[in-house]
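Asks: Here it is, the structure in full.
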Amino acid sequence: MKTKPAAASMVWLVLLLATTLSLKAHALTDDGPDDEMDEVTPEELSYIDIPVDERIFLTRWNDVPYNKRFFDYSPAEIEARWGEFMIGLRAPFPSAGYLEYMGSNHPEILENVENFRGYEDLSRRLVEVWRLFLRGDFQQAREDGLKLGIMGLYPAMFSQITYAIYLADRQSEKYMMLQDAANRIREHIYLVDRLEDDPIASELVAFTKLGHAYAIARIAEESPVPVIVVRGYIGLIKDNAEEIVEIEPDHPLGHAFRAAVDANIMRRVGRATGRMTYGARSVVVDESFAKAFEMAPDIPILNYEYANAIMYMSRKRDLNQAIDYLTRATRYTPTWSMDALDTMYAFKRLQEAHLYDQHYRSFRAFERHRRRFSRTTDHNLTNVLSPPLNRDMMENPRDYALPDVE
C-alpha cells in the first residue's frame with residue numbers, strides 16, 4: 001500500500017499533535033515512555049486496520065509442540081468438564097437447548113450456518129469445533145467453525161488468536177491473523193449490542209467483546225506508541241475491558257484483561273500520562289488481578305499476565321515477585337491446548353525476565369531492544385516454537401532476520 005505525500009504529511013501532523021504534548025514531558029524519565037517516532041513508517045500510520053494477506057490462511061499452519069492425544073476429549077467429556085475448561089474464558093456451552101433459545105429469540109445466530117439440520121445437529125458440530133480447539137487443531141477448528149455462523153465464529157477466532165500469538169513464526173503474520181480475527185468479530189458487534197438486555201446471552205456478549213478487544217490488545221502491546229495513538233487502540237481496548245466486567249462481574253479473564261490494559265497503558269505512556277489521560281491506575285491492576293485469582297486460581301495465564309503487569313508498573317523494583325509468578329505459571333499441569341501454550345510461553349517469558357535482570361539497568365532500554373529485534377527480524381517473540389531471546393540476539397538482530405516473504 002502506497003501513501004500519497006500529502007496524506008502522509010497530514011498523518012504525521014496529526015500524530016505529532018496527538019502525541020507530543022502528552023508524551024514529551026515524560027520522555028526523559030524511566031517512568032515515561034520511549035521516543036518511538038524513529039520506529040514508525042508513514043505507511044504504518046496510513047491505515048487503521050492492518051492489511052491482511054489471505055495467503056496466511058491457505059498454507060499449512062505450524063503444529064503444536066505436544067501430543068494432542070493428551071487433550072483429545074469425547075463430546076461427553078467436553079460437556080461434563082466444560083466449566084473446568086472455560087473457567088477463564090466463560091464461553092457458553094453450545095447445547096441444543098441453548099442454541100434453540102438463541103435461535104428463536106435472536107435468529108441472526110443461524111445466519112451463514114451451512115446445511116442447518118436442526119439444533120441437535122448444530123450442537124454436535126459446534127462441540128466438534130470446540131474439541132478441535134481444545135486439543136490444538138487450530139487451523140481445522142477455524143475452517144470448520146467459519147461454516148457454522150456466529151456460534152462457530154467464536155471457537156474459530158479464538159483458535160486463530162491462540163495460533164497467532166503462540167505458533168505463528170512471523171510478527172507480521174501474527175498481526176494479520178489478529179487483525180482478521182478482530183475484523184470478523186467486529187462484523188457482529190451490531191448483534192451483540194442487541195443481546196445486552198438478554199441475561200441468558202450475557203456470557204456470549206462478554207465473550208464477543210473479549211475476543212475483539214483481546215486481538216487488538218495483542219497488536220497494541222508490541223506496537224510503537226505513535227501507532228497506538230493514531231489507530232485509537234487504547235480507547236477501544238479500555239472501553240471493552242470495562243464493559244466485560246460490567247456485563248459479567250464474575251469473569252476471571254475479564255478482570256485480568258482489565259488489569260493488564262491499565263498496566264500496559266502505564267508501561268507505554270508512563271504512570272502520570274496513563275492516569276491523567278486514560279484513567280489507568282495501579283490500584284485497579286492489583287484489585288482486578290486479586291479478583292481474577294480468587295475466581296480462577298489455577299490457570300497459568302493469570303500468573304504470567306500478573307508478572308508482566310508487575311514489571312510494567314514497577315520495573316526492577318519488584319522483579320523478583322514477577323519472576324516468582326512466571327515460575328508458578330510454568331508449573332501447572334495443563335488440561336487443554338490454551339493452558340499448555342500459556343505454560344510454555346510463561347517459561348519463555350521467564351527467560352526474558354532473567355535477561356532483563358542480568359543485562360539491563362533500564363526497562364525502557366530492554367523494551368526498546370526487544371522491539372528492535374522483532375522489527376528487524378520479523379520474529380514473533382511470543383512464538384513458543386522459537387528459542388528465548390538472548391544477549392547476542394538483542395545486540396545483533398540482523399544476524400537472525402527471517403527471509404523476506406515472496
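In the C-alpha cells, each chain is lettered A, B, ... as it comes, each chain's residues begin at 1, and ligands are numbered from 1 in order of appearance.
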Kindly assemble as JSON lines a list of the stretch 209-248 of chain A residues that lie within 10 Å of stretch 48-55 of chain A, each paired with its nearest atom pair and their distance in Å to one decimal, using only C-alpha atoms, sorted first by chain and then by ascending residue number.
Replies:
{"residue": "A:Ile216", "atom": "CA", "partner": "A:Asp49", "partner_atom": "CA", "distance": 9.8}
{"residue": "A:Ile219", "atom": "CA", "partner": "A:Ile50", "partner_atom": "CA", "distance": 9.8}
{"residue": "A:Val227", "atom": "CA", "partner": "A:Ile48", "partner_atom": "CA", "distance": 8.9}
{"residue": "A:Ile228", "atom": "CA", "partner": "A:Ile48", "partner_atom": "CA", "distance": 9.7}
{"residue": "A:Val230", "atom": "CA", "partner": "A:Ile48", "partner_atom": "CA", "distance": 7.7}
{"residue": "A:Arg231", "atom": "CA", "partner": "A:Ile48", "partner_atom": "CA", "distance": 5.1}
{"residue": "A:Gly232", "atom": "CA", "partner": "A:Ile48", "partner_atom": "CA", "distance": 8.2}
{"residue": "A:Tyr233", "atom": "CA", "partner": "A:Ile48", "partner_atom": "CA", "distance": 9.3}
Asks: With DSSP run on the backbone, what are the helix (DSSP H, G or I) residues within stretch 37-118 of chain A? I'd like them as a PyMOL selection string.
Replies: chain A and resi 37-39+44-46+54-57+68-71+75-80+82-85+96-105+107-110
Asks: Quick one: of A:Leu146, A:Leu355, A:Ala215, A:Ala280, who's nearest to A:Met177, counting only C-alpha atoms?
Replies: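 Once distances to A:Met177 are computed over only C-alpha atoms, the minimum belongs to A:Ala215.
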Asks: Would you kindly return, as a PyMOL selection string, each protein, DNA or RNA residue with an atom no farther than 7 Å from any atom of A:Tyr304, considering only C-alpha atoms and excluding same-chain residues fewer than 6 positions away?
Replies: chain A and resi 325-326+329+346
Asks: Store the residues of this selection in a file with C-alpha atoms, as a compact mmCIF listing (two decimals), in the first residue's frame.
Replies:
# COMPACT_ATOMS: atom_id res chain seq x y z
CA TYR A 325 4.70 -15.54 39.29
CA LEU A 326 6.28 -16.57 35.99
CA ALA A 329 2.92 -20.32 35.68
CA ALA A 346 5.50 -18.40 30.63
Asks: Provide the atom CA of A:Ala260 to atom CA of A:Leu134 distance in Å, to one decimal place.
Replies: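 Computing the Euclidean distance for atom CA of A:Ala260 and atom CA of A:Leu134 yields 24.5 Å.
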